[in-house]
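Here's entry-v1.cif, which has mmCIF, N, CA and C atoms:
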```cif
data_structure
#
loop_
_atom_site.group_PDB
_atom_site.id
_atom_site.type_symbol
_atom_site.label_atom_id
_atom_site.label_comp_id
_atom_site.auth_asym_id
_atom_site.auth_seq_id
_atom_site.Cartn_x
_atom_site.Cartn_y
_atom_site.Cartn_z
ATOM 1 N N MET H 25 8.629 22.594 -19.529
ATOM 2 C CA MET H 25 9.208 21.354 -20.050
ATOM 3 C C MET H 25 8.948 20.236 -19.053
ATOM 4 N N ASN H 26 8.476 19.110 -19.528
ATOM 5 C CA ASN H 26 8.165 17.966 -18.678
ATOM 6 C C ASN H 26 9.277 16.929 -18.804
ATOM 7 N N ASP H 27 9.990 16.651 -17.704
ATOM 8 C CA ASP H 27 11.082 15.683 -17.715
ATOM 9 C C ASP H 27 10.613 14.265 -17.392
ATOM 10 N N ASN H 28 9.322 14.082 -17.138
ATOM 11 C CA ASN H 28 8.798 12.769 -16.767
ATOM 12 C C ASN H 28 8.760 11.877 -18.000
ATOM 13 N N ARG H 29 9.466 10.763 -17.969
ATOM 14 C CA ARG H 29 9.499 9.862 -19.118
ATOM 15 C C ARG H 29 8.359 8.854 -19.114
ATOM 16 N N TYR H 30 7.560 8.830 -18.065
ATOM 17 C CA TYR H 30 6.451 7.897 -17.973
ATOM 18 C C TYR H 30 5.150 8.621 -18.296
ATOM 19 N N THR H 31 4.389 8.061 -19.214
ATOM 20 C CA THR H 31 3.093 8.632 -19.561
ATOM 21 C C THR H 31 2.070 7.513 -19.688
ATOM 22 N N CYS H 32 0.837 7.837 -19.429
ATOM 23 C CA CYS H 32 -0.256 6.878 -19.558
ATOM 24 C C CYS H 32 -0.526 6.634 -21.040
ATOM 25 N N PRO H 33 -0.516 5.378 -21.487
ATOM 26 C CA PRO H 33 -0.779 5.102 -22.899
ATOM 27 C C PRO H 33 -2.246 5.323 -23.297
ATOM 28 N N ILE H 34 -3.133 5.438 -22.321
ATOM 29 C CA ILE H 34 -4.550 5.658 -22.619
ATOM 30 C C ILE H 34 -4.827 7.133 -22.898
ATOM 31 N N CYS H 35 -4.392 8.018 -21.985
ATOM 32 C CA CYS H 35 -4.716 9.448 -22.114
ATOM 33 C C CYS H 35 -3.497 10.336 -22.327
ATOM 34 N N ASN H 36 -2.302 9.744 -22.334
ATOM 35 C CA ASN H 36 -1.042 10.464 -22.565
ATOM 36 C C ASN H 36 -0.686 11.448 -21.446
ATOM 37 N N ASN H 37 -1.269 11.285 -20.291
ATOM 38 C CA ASN H 37 -0.979 12.144 -19.143
ATOM 39 C C ASN H 37 0.296 11.649 -18.458
ATOM 40 N N SER H 38 1.118 12.576 -17.970
ATOM 41 C CA SER H 38 2.368 12.186 -17.308
ATOM 42 C C SER H 38 2.261 12.262 -15.784
ATOM 43 N N LYS H 39 1.098 12.585 -15.250
ATOM 44 C CA LYS H 39 0.921 12.639 -13.794
ATOM 45 C C LYS H 39 0.420 11.276 -13.309
ATOM 46 N N LEU H 40 1.359 10.509 -12.772
ATOM 47 C CA LEU H 40 1.087 9.141 -12.326
ATOM 48 C C LEU H 40 1.399 9.023 -10.843
ATOM 49 N N THR H 41 0.748 8.064 -10.185
ATOM 50 C CA THR H 41 0.975 7.814 -8.767
ATOM 51 C C THR H 41 1.300 6.342 -8.566
ATOM 52 N N LEU H 42 2.376 6.057 -7.846
ATOM 53 C CA LEU H 42 2.708 4.692 -7.461
ATOM 54 C C LEU H 42 1.951 4.391 -6.176
ATOM 55 N N ARG H 43 1.166 3.317 -6.156
ATOM 56 C CA ARG H 43 0.354 2.977 -4.988
ATOM 57 C C ARG H 43 0.765 1.605 -4.436
ATOM 58 N N TYR H 44 0.763 1.522 -3.112
ATOM 59 C CA TYR H 44 1.055 0.275 -2.409
ATOM 60 C C TYR H 44 -0.096 0.015 -1.451
ATOM 61 N N GLU H 45 -0.805 -1.087 -1.645
ATOM 62 C CA GLU H 45 -1.911 -1.479 -0.772
ATOM 63 C C GLU H 45 -1.499 -2.716 0.008
ATOM 64 N N ALA H 46 -1.895 -2.772 1.260
ATOM 65 C CA ALA H 46 -1.599 -3.939 2.094
ATOM 66 C C ALA H 46 -2.779 -4.202 3.013
ATOM 67 N N SER H 47 -3.042 -5.486 3.268
ATOM 68 C CA SER H 47 -4.086 -5.838 4.235
ATOM 69 C C SER H 47 -3.470 -6.701 5.335
ATOM 70 N N TYR H 48 -3.947 -6.479 6.555
ATOM 71 C CA TYR H 48 -3.414 -7.149 7.735
ATOM 72 C C TYR H 48 -4.551 -7.717 8.572
ATOM 73 N N VAL H 49 -4.226 -8.736 9.351
ATOM 74 C CA VAL H 49 -5.135 -9.248 10.378
ATOM 75 C C VAL H 49 -4.478 -8.963 11.722
ATOM 76 N N TYR H 50 -5.192 -8.235 12.568
ATOM 77 C CA TYR H 50 -4.706 -7.889 13.905
ATOM 78 C C TYR H 50 -5.363 -8.817 14.917
ATOM 79 N N SER H 51 -4.569 -9.358 15.839
ATOM 80 C CA SER H 51 -5.089 -10.273 16.857
ATOM 81 C C SER H 51 -4.866 -9.696 18.251
ATOM 82 N N TYR H 52 -5.860 -9.917 19.104
ATOM 83 C CA TYR H 52 -5.818 -9.451 20.492
ATOM 84 C C TYR H 52 -6.187 -10.621 21.393
ATOM 85 N N VAL H 53 -5.329 -10.952 22.336
ATOM 86 C CA VAL H 53 -5.601 -12.025 23.289
ATOM 87 C C VAL H 53 -6.727 -11.564 24.217
ATOM 88 N N ILE H 54 -7.706 -12.428 24.422
ATOM 89 C CA ILE H 54 -8.806 -12.110 25.337
ATOM 90 C C ILE H 54 -8.332 -12.425 26.755
ATOM 91 N N ASP H 55 -8.301 -11.402 27.604
ATOM 92 C CA ASP H 55 -7.887 -11.594 28.989
ATOM 93 C C ASP H 55 -8.904 -10.944 29.923
ATOM 94 N N SER H 56 -8.565 -10.792 31.176
ATOM 95 C CA SER H 56 -9.535 -10.367 32.196
ATOM 96 C C SER H 56 -9.930 -8.891 32.116
ATOM 97 N N ASP H 57 -9.112 -8.063 31.479
ATOM 98 C CA ASP H 57 -9.496 -6.652 31.344
ATOM 99 C C ASP H 57 -9.815 -6.364 29.869
ATOM 100 N N ALA H 58 -9.310 -5.316 29.304
ATOM 101 C CA ALA H 58 -9.566 -5.001 27.898
ATOM 102 C C ALA H 58 -8.887 -6.030 26.998
ATOM 103 N N PRO H 59 -9.461 -6.335 25.816
ATOM 104 C CA PRO H 59 -8.832 -7.308 24.912
ATOM 105 C C PRO H 59 -7.413 -6.902 24.540
ATOM 106 N N GLY H 60 -6.504 -7.871 24.561
ATOM 107 C CA GLY H 60 -5.112 -7.623 24.222
ATOM 108 C C GLY H 60 -4.247 -7.533 25.467
ATOM 109 N N LEU H 61 -3.134 -8.225 25.445
ATOM 110 C CA LEU H 61 -2.238 -8.231 26.609
ATOM 111 C C LEU H 61 -1.632 -6.854 26.871
ATOM 112 N N LYS H 62 -1.555 -6.016 25.850
ATOM 113 C CA LYS H 62 -0.964 -4.681 26.006
ATOM 114 C C LYS H 62 -1.997 -3.634 26.400
ATOM 115 N N ASN H 63 -3.273 -3.985 26.394
ATOM 116 C CA ASN H 63 -4.346 -3.075 26.792
ATOM 117 C C ASN H 63 -4.765 -3.406 28.216
ATOM 118 N N SER H 64 -4.838 -2.401 29.079
ATOM 119 C CA SER H 64 -5.210 -2.689 30.462
ATOM 120 C C SER H 64 -6.548 -2.067 30.850
ATOM 121 N N ASP H 65 -6.707 -0.764 30.748
ATOM 122 C CA ASP H 65 -7.942 -0.118 31.184
ATOM 123 C C ASP H 65 -8.976 0.017 30.071
ATOM 124 N N GLU H 66 -8.512 0.181 28.854
ATOM 125 C CA GLU H 66 -9.421 0.343 27.726
ATOM 126 C C GLU H 66 -8.809 -0.304 26.496
ATOM 127 N N PHE H 67 -9.658 -0.605 25.514
ATOM 128 C CA PHE H 67 -9.180 -1.219 24.273
ATOM 129 C C PHE H 67 -8.662 -0.140 23.336
ATOM 130 N N LEU H 68 -7.391 -0.247 22.971
ATOM 131 C CA LEU H 68 -6.768 0.636 21.995
ATOM 132 C C LEU H 68 -6.313 -0.222 20.820
ATOM 133 N N SER H 69 -6.924 -0.029 19.661
ATOM 134 C CA SER H 69 -6.710 -0.926 18.524
ATOM 135 C C SER H 69 -5.262 -1.008 18.058
ATOM 136 N N TYR H 70 -4.473 0.034 18.282
ATOM 137 C CA TYR H 70 -3.078 0.016 17.837
ATOM 138 C C TYR H 70 -2.168 -0.771 18.776
ATOM 139 N N LEU H 71 -2.684 -1.218 19.932
ATOM 140 C CA LEU H 71 -1.913 -2.057 20.856
ATOM 141 C C LEU H 71 -2.312 -3.514 20.651
ATOM 142 N N TYR H 72 -1.951 -4.054 19.516
ATOM 143 C CA TYR H 72 -2.306 -5.431 19.174
ATOM 144 C C TYR H 72 -1.237 -6.393 19.675
ATOM 145 N N ASP H 73 -1.618 -7.668 19.807
ATOM 146 C CA ASP H 73 -0.674 -8.696 20.239
ATOM 147 C C ASP H 73 0.040 -9.350 19.058
ATOM 148 N N LYS H 74 -0.630 -9.380 17.899
ATOM 149 C CA LYS H 74 -0.030 -10.004 16.724
ATOM 150 C C LYS H 74 -0.609 -9.349 15.473
ATOM 151 N N ARG H 75 0.256 -9.147 14.474
ATOM 152 C CA ARG H 75 -0.196 -8.600 13.194
ATOM 153 C C ARG H 75 0.347 -9.473 12.073
ATOM 154 N N GLU H 76 -0.534 -9.945 11.204
ATOM 155 C CA GLU H 76 -0.140 -10.785 10.084
ATOM 156 C C GLU H 76 -0.512 -10.088 8.779
ATOM 157 N N GLN H 77 0.479 -9.942 7.890
ATOM 158 C CA GLN H 77 0.184 -9.358 6.583
ATOM 159 C C GLN H 77 -0.427 -10.440 5.697
ATOM 160 N N LYS H 78 -1.562 -10.157 5.098
ATOM 161 C CA LYS H 78 -2.266 -11.135 4.283
ATOM 162 C C LYS H 78 -2.080 -10.924 2.794
ATOM 163 N N ASP H 79 -2.031 -9.668 2.356
ATOM 164 C CA ASP H 79 -1.983 -9.418 0.930
ATOM 165 C C ASP H 79 -1.338 -8.061 0.663
ATOM 166 N N THR H 80 -0.682 -7.938 -0.481
ATOM 167 C CA THR H 80 -0.163 -6.654 -0.919
ATOM 168 C C THR H 80 -0.424 -6.505 -2.410
ATOM 169 N N ARG H 81 -0.494 -5.276 -2.826
ATOM 170 C CA ARG H 81 -0.681 -4.976 -4.244
ATOM 171 C C ARG H 81 -0.005 -3.639 -4.527
ATOM 172 N N THR H 82 0.848 -3.619 -5.536
ATOM 173 C CA THR H 82 1.537 -2.398 -5.922
ATOM 174 C C THR H 82 1.243 -2.136 -7.393
ATOM 175 N N TYR H 83 0.906 -0.899 -7.715
ATOM 176 C CA TYR H 83 0.559 -0.559 -9.090
ATOM 177 C C TYR H 83 0.772 0.932 -9.317
ATOM 178 N N ILE H 84 0.783 1.303 -10.584
ATOM 179 C CA ILE H 84 0.851 2.711 -10.979
ATOM 180 C C ILE H 84 -0.534 3.097 -11.461
ATOM 181 N N GLU H 85 -0.996 4.270 -11.010
ATOM 182 C CA GLU H 85 -2.316 4.739 -11.406
ATOM 183 C C GLU H 85 -2.199 6.101 -12.073
ATOM 184 N N CYS H 86 -2.893 6.272 -13.183
ATOM 185 C CA CYS H 86 -2.928 7.555 -13.873
ATOM 186 C C CYS H 86 -3.832 8.504 -13.090
ATOM 187 N N ASN H 87 -3.341 9.691 -12.773
ATOM 188 C CA ASN H 87 -4.124 10.665 -12.012
ATOM 189 C C ASN H 87 -5.248 11.270 -12.843
ATOM 190 N N ASN H 88 -5.183 11.140 -14.164
ATOM 191 C CA ASN H 88 -6.196 11.727 -15.039
ATOM 192 C C ASN H 88 -7.349 10.760 -15.319
ATOM 193 N N CYS H 89 -7.047 9.590 -15.884
ATOM 194 C CA CYS H 89 -8.115 8.665 -16.296
ATOM 195 C C CYS H 89 -8.346 7.527 -15.301
ATOM 196 N N GLY H 90 -7.432 7.337 -14.322
ATOM 197 C CA GLY H 90 -7.612 6.317 -13.290
ATOM 198 C C GLY H 90 -7.194 4.914 -13.695
ATOM 199 N N THR H 91 -6.654 4.749 -14.900
ATOM 200 C CA THR H 91 -6.205 3.433 -15.338
ATOM 201 C C THR H 91 -5.050 2.962 -14.450
ATOM 202 N N GLN H 92 -5.069 1.676 -14.113
ATOM 203 C CA GLN H 92 -4.038 1.099 -13.244
ATOM 204 C C GLN H 92 -3.172 0.135 -14.041
ATOM 205 N N TYR H 93 -1.861 0.196 -13.768
ATOM 206 C CA TYR H 93 -0.889 -0.627 -14.472
ATOM 207 C C TYR H 93 0.010 -1.333 -13.478
ATOM 208 N N PRO H 94 0.427 -2.577 -13.778
ATOM 209 C CA PRO H 94 1.415 -3.246 -12.924
ATOM 210 C C PRO H 94 2.756 -2.541 -13.094
ATOM 211 N N TYR H 95 3.671 -2.761 -12.178
ATOM 212 C CA TYR H 95 4.993 -2.167 -12.295
ATOM 213 C C TYR H 95 6.034 -3.139 -11.794
ATOM 214 N N SER H 96 7.271 -2.867 -12.112
ATOM 215 C CA SER H 96 8.384 -3.602 -11.518
ATOM 216 C C SER H 96 9.433 -2.588 -11.107
ATOM 217 N N PHE H 97 10.132 -2.889 -10.044
ATOM 218 C CA PHE H 97 11.136 -1.986 -9.490
ATOM 219 C C PHE H 97 12.417 -2.780 -9.370
ATOM 220 N N ILE H 98 13.352 -2.540 -10.280
ATOM 221 C CA ILE H 98 14.582 -3.327 -10.350
ATOM 222 C C ILE H 98 15.773 -2.414 -10.120
ATOM 223 N N ASN H 99 16.609 -2.765 -9.122
ATOM 224 C CA ASN H 99 17.823 -1.998 -8.800
ATOM 225 C C ASN H 99 17.533 -0.513 -8.593
ATOM 226 N N GLY H 100 16.426 -0.216 -7.954
ATOM 227 C CA GLY H 100 16.092 1.168 -7.647
ATOM 228 C C GLY H 100 15.547 1.957 -8.820
ATOM 229 N N VAL H 101 15.287 1.296 -9.953
ATOM 230 C CA VAL H 101 14.778 1.985 -11.144
ATOM 231 C C VAL H 101 13.410 1.436 -11.490
ATOM 232 N N LEU H 102 12.459 2.318 -11.686
ATOM 233 C CA LEU H 102 11.110 1.913 -12.073
ATOM 234 C C LEU H 102 11.126 1.516 -13.531
ATOM 235 N N GLU H 103 10.761 0.274 -13.812
ATOM 236 C CA GLU H 103 10.707 -0.222 -15.174
ATOM 237 C C GLU H 103 9.271 -0.155 -15.659
ATOM 238 N N GLN H 104 9.050 0.571 -16.720
ATOM 239 C CA GLN H 104 7.699 0.753 -17.261
ATOM 240 C C GLN H 104 7.241 -0.528 -17.922
ATOM 241 N N GLU H 105 6.049 -1.000 -17.570
ATOM 242 C CA GLU H 105 5.488 -2.229 -18.134
ATOM 243 C C GLU H 105 4.272 -1.943 -18.997
ATOM 244 N N PHE H 106 3.991 -0.695 -19.256
ATOM 245 C CA PHE H 106 2.820 -0.381 -20.089
ATOM 246 C C PHE H 106 3.223 0.457 -21.265
#
```
Show me this structure written as structure tokens.
Amino acid sequence: MNDNRYTCPICNNSKLTLRYEASYVYSYVIDSDAPGLKNSDEFLSYLYDKREQKDTRTYIECNNCGTQYPYSFINGVLEQEF
């Protein structure tokens, strides 16, 4: 028995994935040793001086046919928009 109330309207599959994509710009101050004030002997990309989020995208994707749908999340409940 499948208790999932969400199904893909294209292929009728109930196996869906909620995806969150984000893009960032990482900045490193150029100084006398490795780039970045937090890097001293070598450059380590995770020791950045500043991180700015540029874009985000959240959607539901069908695991069977790959169709992507927008979603809304209101009061902790996923509201189906497709």
May I have the residues at most 5 Å from (2.7, 0.4, -13.8) in the file's coordinates, counting all atoms listed in the file, as a list in words?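 Final list of nearby residues, as requested, is Tyr83, Ile84, Tyr93, Pro94 and Tyr95 of chain H.
Rounded to one decimal, atom N of Tyr52 in chain H and CA of Ser64 in chain H lie 13.5 Å from each other.
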Please expand the PyMOL selection byres ((chain H and resi 51) around 6.5) into the concrete residues it hits in this file, giving the result as a PyMOL selection string. chain H and resi 49-50+52-53+60+72-76
Atom N of Arg43 in chain H and atom C of Tyr30 in chain H are how many Å apart?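 Atom-to-atom, atom N of Arg43 in chain H to atom C of Tyr30 in chain H, that is 13.8 Å.
The gap separating atom N of Thr31 in chain H from CA of Gly90 in chain H is 13.5 Å, in Å to one decimal.
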Shell of 12 Å around Asp65 in chain H, only C-alpha atoms, local chain residues under 6 positions omitted, as an NGL selection string: :H and (55-59)
Of the candidates H:Arg29, H:Glu66, H:Leu61, H:Thr41, which shows the shortest atom-to-atom distance to Cys89 in chain H, using only C-alpha atoms?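 The closest residue to Cys89 in chain H is H:Thr41.
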